[in-house]
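First up is the structure itself, then whatever we jot down about it.
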Amino acid sequence: MDKILELDRKLFLELNSSFHHPWLDQLMMFLSSTMAWIPLYLFLMYLLIKKFKKETWIVLLAVGLTILLADQLTSAFMKPFFERLRPSHEPALREVVNIVNQYRGGKYGFASSHAANTFGVATLMWLVLKAYRPWIGLLFLWAAGVGYTRIYLGVHYPGDILAGFFVGFLAAVAAYFLWVLLKNFVDKRVALRSGSQ
């Protein structure tokens, strides 16, 4: 485990320092924020409404469940349980980690909630829409990009990001199965109503 943590730290320092440029700082801060991706969320909403129409609420329920599970598992359970300091709070890295706008995040960083939430949403959208929009898999590039911004800003190790991706994936799969069950239930109710008329 010590070797893995040391490798994670070395990879962090490489990614955090080698690609760090002052002109990118504000862009990375912006891309790390929720506000930056509102147009994307609206576009995804459009795709869902276009495909599922009145049943869009079921998918939105699954999205909400994905984010709830991913966020709570990482923030409420994993971070206080593992108590792994973020690189921005690690005394041994104080002189070498690049921080942007004095943003350091909370004390603990394992696992990344940003990574869990974005990868969870990307996974759920892929599961729900891949048959109709094969290119929807490009959302995984978006999730990876957001994950990288957290390393760039100095608030997460790569291991935090990968663990977040895994949590997000599990949360999305669980929410997807709920979506399937609810969709089948609603479809059967609609079919019964149509048959009785």
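Ligands are numbered from 1 in the order shown, chains are lettered A, B, ... in the order of the structure tokens, and residues start at 1 in each chain.
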Need the shell around Lys50 (chain A): protein/DNA/RNA residues with any atom at most 12 Å away, counting only C-alpha atoms. Skip same-chain ones fewer than 5 positions apart. Format as a PyMOL selection string?
chain A and resi 43-45+55-56+129+132-133
Limited to N, CA and C atoms, could you put the picked residues into a file as a short mmCIF file (atom, residue, chain, number, x, y, z; two decimals), in the first residue's frame?
```cif
data_model
loop_
_atom_site.label_atom_id
_atom_site.label_comp_id
_atom_site.auth_asym_id
_atom_site.auth_seq_id
_atom_site.Cartn_x
_atom_site.Cartn_y
_atom_site.Cartn_z
N PHE A 43 -28.46 20.39 -22.45
CA PHE A 43 -28.45 19.59 -23.68
C PHE A 43 -28.85 18.14 -23.38
N LEU A 44 -28.34 17.59 -22.29
CA LEU A 44 -28.71 16.23 -21.90
C LEU A 44 -30.19 16.14 -21.57
N MET A 45 -30.73 17.18 -20.92
CA MET A 45 -32.16 17.24 -20.63
C MET A 45 -32.96 17.23 -21.92
N GLU A 55 -41.96 10.22 -19.79
CA GLU A 55 -41.26 9.33 -18.86
C GLU A 55 -39.87 9.87 -18.48
N THR A 56 -39.59 11.10 -18.90
CA THR A 56 -38.30 11.71 -18.58
C THR A 56 -38.08 11.79 -17.07
N LEU A 129 -28.88 6.09 -22.97
CA LEU A 129 -28.98 6.67 -24.32
C LEU A 129 -28.11 6.02 -25.39
N TYR A 132 -29.56 4.90 -28.68
CA TYR A 132 -30.13 5.94 -29.54
C TYR A 132 -29.11 6.98 -29.97
N ARG A 133 -28.13 7.21 -29.13
CA ARG A 133 -27.08 8.20 -29.41
C ARG A 133 -25.72 7.57 -29.08
#
```
At a cut-off of 8 Å, using only C-alpha atoms, what residues contact Leu162 (chain A)? Leave out same-chain residues fewer than 4 positions from it and give the result as a count of residues only.
3
Which one of A:Val186, A:Leu61, A:Ile151, A:Leu170 sits closest to Leu13 (chain A) if you count only C-alpha atoms?
A:Ile151
With distances taken over only C-alpha atoms, which residue among A:Phe77, A:Phe82, A:Tyr41, A:Phe119 lies nearest Val167 (chain A)?
A:Phe119
Within 12 Å of region 24-34 of chain A, which residues of region 83-196 of chain A come that close, and what is the closest atom pair and distance in Å for each? Count only C-alpha atoms and give it as JSON lines.
```
{"residue": "A:Asn98", "atom": "CA", "partner": "A:Asp25", "partner_atom": "CA", "distance": 10.0}
{"residue": "A:Ile99", "atom": "CA", "partner": "A:Asp25", "partner_atom": "CA", "distance": 9.1}
{"residue": "A:Val100", "atom": "CA", "partner": "A:Asp25", "partner_atom": "CA", "distance": 6.2}
{"residue": "A:Asn101", "atom": "CA", "partner": "A:Asp25", "partner_atom": "CA", "distance": 8.3}
{"residue": "A:Gln102", "atom": "CA", "partner": "A:Met29", "partner_atom": "CA", "distance": 11.2}
{"residue": "A:Tyr103", "atom": "CA", "partner": "A:Met29", "partner_atom": "CA", "distance": 9.1}
{"residue": "A:Arg104", "atom": "CA", "partner": "A:Met29", "partner_atom": "CA", "distance": 11.7}
{"residue": "A:Gly105", "atom": "CA", "partner": "A:Ser32", "partner_atom": "CA", "distance": 12.0}
{"residue": "A:Ser113", "atom": "CA", "partner": "A:Ser32", "partner_atom": "CA", "distance": 11.6}
{"residue": "A:His114", "atom": "CA", "partner": "A:Ser32", "partner_atom": "CA", "distance": 8.2}
{"residue": "A:Ala115", "atom": "CA", "partner": "A:Ser32", "partner_atom": "CA", "distance": 10.2}
{"residue": "A:Asn117", "atom": "CA", "partner": "A:Thr34", "partner_atom": "CA", "distance": 10.7}
{"residue": "A:Thr118", "atom": "CA", "partner": "A:Thr34", "partner_atom": "CA", "distance": 10.0}
{"residue": "A:Trp142", "atom": "CA", "partner": "A:Leu31", "partner_atom": "CA", "distance": 10.0}
{"residue": "A:Ala143", "atom": "CA", "partner": "A:Ser32", "partner_atom": "CA", "distance": 10.5}
{"residue": "A:Ala144", "atom": "CA", "partner": "A:Ser32", "partner_atom": "CA", "distance": 11.3}
{"residue": "A:Gly145", "atom": "CA", "partner": "A:Leu31", "partner_atom": "CA", "distance": 8.5}
{"residue": "A:Val146", "atom": "CA", "partner": "A:Ser32", "partner_atom": "CA", "distance": 5.8}
{"residue": "A:Gly147", "atom": "CA", "partner": "A:Ser32", "partner_atom": "CA", "distance": 8.2}
{"residue": "A:Tyr148", "atom": "CA", "partner": "A:Ser32", "partner_atom": "CA", "distance": 8.9}
{"residue": "A:Thr149", "atom": "CA", "partner": "A:Met28", "partner_atom": "CA", "distance": 5.6}
{"residue": "A:Arg150", "atom": "CA", "partner": "A:Ser32", "partner_atom": "CA", "distance": 6.8}
{"residue": "A:Ile151", "atom": "CA", "partner": "A:Met28", "partner_atom": "CA", "distance": 10.0}
{"residue": "A:Tyr152", "atom": "CA", "partner": "A:Met28", "partner_atom": "CA", "distance": 7.4}
{"residue": "A:Leu153", "atom": "CA", "partner": "A:Met28", "partner_atom": "CA", "distance": 7.3}
{"residue": "A:Gly154", "atom": "CA", "partner": "A:Met29", "partner_atom": "CA", "distance": 11.0}
{"residue": "A:Val155", "atom": "CA", "partner": "A:Ser32", "partner_atom": "CA", "distance": 11.1}
```
Resulting file, chosen residues, N, CA and C atoms, as a PDB file, in the first residue's frame:
```pdb
ATOM      1  N   ASN A  98       1.039  23.055  -6.594  1.00  0.00           N
ATOM      2  CA  ASN A  98       0.523  24.291  -7.189  1.00  0.00           C
ATOM      3  C   ASN A  98      -0.927  24.486  -6.777  1.00  0.00           C
ATOM      4  N   ILE A  99      -1.213  25.612  -6.133  1.00  0.00           N
ATOM      5  CA  ILE A  99      -2.546  25.963  -5.681  1.00  0.00           C
ATOM      6  C   ILE A  99      -3.034  27.155  -6.509  1.00  0.00           C
ATOM      7  N   VAL A 100      -4.317  27.159  -6.859  1.00  0.00           N
ATOM      8  CA  VAL A 100      -4.882  28.245  -7.658  1.00  0.00           C
ATOM      9  C   VAL A 100      -5.844  29.053  -6.793  1.00  0.00           C
ATOM     10  N   ASN A 101      -5.646  30.364  -6.763  1.00  0.00           N
ATOM     11  CA  ASN A 101      -6.537  31.285  -6.026  1.00  0.00           C
ATOM     12  C   ASN A 101      -6.683  30.905  -4.551  1.00  0.00           C
ATOM     13  N   GLN A 102      -5.671  30.285  -3.993  1.00  0.00           N
ATOM     14  CA  GLN A 102      -5.705  29.855  -2.597  1.00  0.00           C
ATOM     15  C   GLN A 102      -6.827  28.864  -2.286  1.00  0.00           C
ATOM     16  N   TYR A 103      -7.347  28.231  -3.327  1.00  0.00           N
ATOM     17  CA  TYR A 103      -8.403  27.230  -3.151  1.00  0.00           C
ATOM     18  C   TYR A 103      -7.757  25.906  -2.746  1.00  0.00           C
ATOM     19  N   ARG A 104      -8.167  25.382  -1.577  1.00  0.00           N
ATOM     20  CA  ARG A 104      -7.568  24.156  -1.069  1.00  0.00           C
ATOM     21  C   ARG A 104      -8.582  23.046  -0.812  1.00  0.00           C
ATOM     22  N   GLY A 105      -9.865  23.339  -0.882  1.00  0.00           N
ATOM     23  CA  GLY A 105     -10.879  22.330  -0.634  1.00  0.00           C
ATOM     24  C   GLY A 105     -10.919  21.934   0.831  1.00  0.00           C
ATOM     25  N   SER A 113     -15.462  13.650  -4.872  1.00  0.00           N
ATOM     26  CA  SER A 113     -16.899  13.764  -5.153  1.00  0.00           C
ATOM     27  C   SER A 113     -17.132  14.274  -6.570  1.00  0.00           C
ATOM     28  N   HIS A 114     -16.302  15.209  -7.021  1.00  0.00           N
ATOM     29  CA  HIS A 114     -16.421  15.703  -8.394  1.00  0.00           C
ATOM     30  C   HIS A 114     -16.312  14.545  -9.386  1.00  0.00           C
ATOM     31  N   ALA A 115     -15.305  13.697  -9.170  1.00  0.00           N
ATOM     32  CA  ALA A 115     -15.098  12.567 -10.078  1.00  0.00           C
ATOM     33  C   ALA A 115     -16.259  11.584 -10.008  1.00  0.00           C
ATOM     34  N   ASN A 117     -19.409  12.149  -9.104  1.00  0.00           N
ATOM     35  CA  ASN A 117     -20.637  12.709  -9.673  1.00  0.00           C
ATOM     36  C   ASN A 117     -20.601  12.764 -11.194  1.00  0.00           C
ATOM     37  N   THR A 118     -19.490  13.259 -11.739  1.00  0.00           N
ATOM     38  CA  THR A 118     -19.423  13.390 -13.200  1.00  0.00           C
ATOM     39  C   THR A 118     -19.375  12.027 -13.883  1.00  0.00           C
ATOM     40  N   TRP A 142     -15.537  14.017 -20.894  1.00  0.00           N
ATOM     41  CA  TRP A 142     -15.907  15.143 -20.036  1.00  0.00           C
ATOM     42  C   TRP A 142     -15.596  14.823 -18.579  1.00  0.00           C
ATOM     43  N   ALA A 143     -15.996  13.638 -18.132  1.00  0.00           N
ATOM     44  CA  ALA A 143     -15.742  13.239 -16.742  1.00  0.00           C
ATOM     45  C   ALA A 143     -14.237  13.198 -16.459  1.00  0.00           C
ATOM     46  N   ALA A 144     -13.474  12.664 -17.403  1.00  0.00           N
ATOM     47  CA  ALA A 144     -12.019  12.605 -17.232  1.00  0.00           C
ATOM     48  C   ALA A 144     -11.418  14.009 -17.172  1.00  0.00           C
ATOM     49  N   GLY A 145     -11.942  14.903 -17.992  1.00  0.00           N
ATOM     50  CA  GLY A 145     -11.459  16.284 -17.988  1.00  0.00           C
ATOM     51  C   GLY A 145     -11.720  16.989 -16.669  1.00  0.00           C
ATOM     52  N   VAL A 146     -12.924  16.802 -16.135  1.00  0.00           N
ATOM     53  CA  VAL A 146     -13.249  17.399 -14.839  1.00  0.00           C
ATOM     54  C   VAL A 146     -12.346  16.799 -13.759  1.00  0.00           C
ATOM     55  N   GLY A 147     -12.115  15.493 -13.845  1.00  0.00           N
ATOM     56  CA  GLY A 147     -11.217  14.848 -12.894  1.00  0.00           C
ATOM     57  C   GLY A 147      -9.822  15.455 -12.938  1.00  0.00           C
ATOM     58  N   TYR A 148      -9.340  15.725 -14.148  1.00  0.00           N
ATOM     59  CA  TYR A 148      -8.012  16.312 -14.280  1.00  0.00           C
ATOM     60  C   TYR A 148      -7.944  17.715 -13.663  1.00  0.00           C
ATOM     61  N   THR A 149      -9.029  18.491 -13.789  1.00  0.00           N
ATOM     62  CA  THR A 149      -9.005  19.841 -13.215  1.00  0.00           C
ATOM     63  C   THR A 149      -8.755  19.791 -11.711  1.00  0.00           C
ATOM     64  N   ARG A 150      -9.238  18.727 -11.066  1.00  0.00           N
ATOM     65  CA  ARG A 150      -9.057  18.616  -9.616  1.00  0.00           C
ATOM     66  C   ARG A 150      -7.588  18.345  -9.250  1.00  0.00           C
ATOM     67  N   ILE A 151      -6.914  17.602 -10.125  1.00  0.00           N
ATOM     68  CA  ILE A 151      -5.472  17.371  -9.923  1.00  0.00           C
ATOM     69  C   ILE A 151      -4.711  18.660 -10.205  1.00  0.00           C
ATOM     70  N   TYR A 152      -5.079  19.328 -11.287  1.00  0.00           N
ATOM     71  CA  TYR A 152      -4.430  20.587 -11.667  1.00  0.00           C
ATOM     72  C   TYR A 152      -4.527  21.608 -10.543  1.00  0.00           C
ATOM     73  N   LEU A 153      -5.698  21.682  -9.911  1.00  0.00           N
ATOM     74  CA  LEU A 153      -5.918  22.660  -8.844  1.00  0.00           C
ATOM     75  C   LEU A 153      -5.233  22.262  -7.533  1.00  0.00           C
ATOM     76  N   GLY A 154      -4.679  21.054  -7.505  1.00  0.00           N
ATOM     77  CA  GLY A 154      -3.922  20.618  -6.336  1.00  0.00           C
ATOM     78  C   GLY A 154      -4.752  20.075  -5.193  1.00  0.00           C
ATOM     79  N   VAL A 155      -6.020  19.740  -5.454  1.00  0.00           N
ATOM     80  CA  VAL A 155      -6.901  19.303  -4.362  1.00  0.00           C
ATOM     81  C   VAL A 155      -7.181  17.800  -4.361  1.00  0.00           C
TER      82      VAL A 155
END
```
List every residue of region 63-197 of chain A that DSSP, applied to the backbone of this structure, assigns to alpha helix (DSSP H), and report them as a PyMOL selection string.
chain A and resi 63-71+79-82+113-129+139-152+158-196
Quick one: contact table of region 73-148 of chain A to region 6-12 of chain A, 10 Å max, nearest atom pair and distance in Å to one decimal per residue, counting only C-alpha atoms, chain and number order, as JSON lines?
```
{"residue": "A:Pro87", "atom": "CA", "partner": "A:Arg9", "partner_atom": "CA", "distance": 8.4}
{"residue": "A:Leu93", "atom": "CA", "partner": "A:Arg9", "partner_atom": "CA", "distance": 9.4}
{"residue": "A:Val97", "atom": "CA", "partner": "A:Phe12", "partner_atom": "CA", "distance": 9.0}
```
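In this comparison, which uses only C-alpha atoms, the residue of A:Ile58, A:Ala36, A:Leu48, A:Leu5 approaching Asn184 (chain A) most closely is A:Ile58.
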Hey, which of A:Gly164, A:Gly120, A:Pro39, A:Pro134 ends up closest to Thr66 (chain A)? Count only C-alpha atoms.
A:Gly120
Distance criterion (only C-alpha atoms): nearest to Val128 (chain A) out of A:Phe185, A:Phe19, A:Trp179, A:Phe165
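Nearest to Val128 (chain A): A:Trp179.
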Kindly indicate which residue among A:Leu178, A:Lys130, A:Leu124, A:Tyr157 lies nearest to Asn16 (chain A), using only C-alpha atoms for the distances.
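Of the candidates, the smallest distance to Asn16 (chain A) is held by A:Tyr157.
Going from CA of Trp135 (chain A) to CA of Ala70 (chain A) covers 24.0 Å.
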To one decimal place in Å, what is the distance between CA of Leu85 (chain A) and CA of Ala174 (chain A)?
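For CA of Leu85 (chain A) relative to CA of Ala174 (chain A), the distance reads 29.1 Å.
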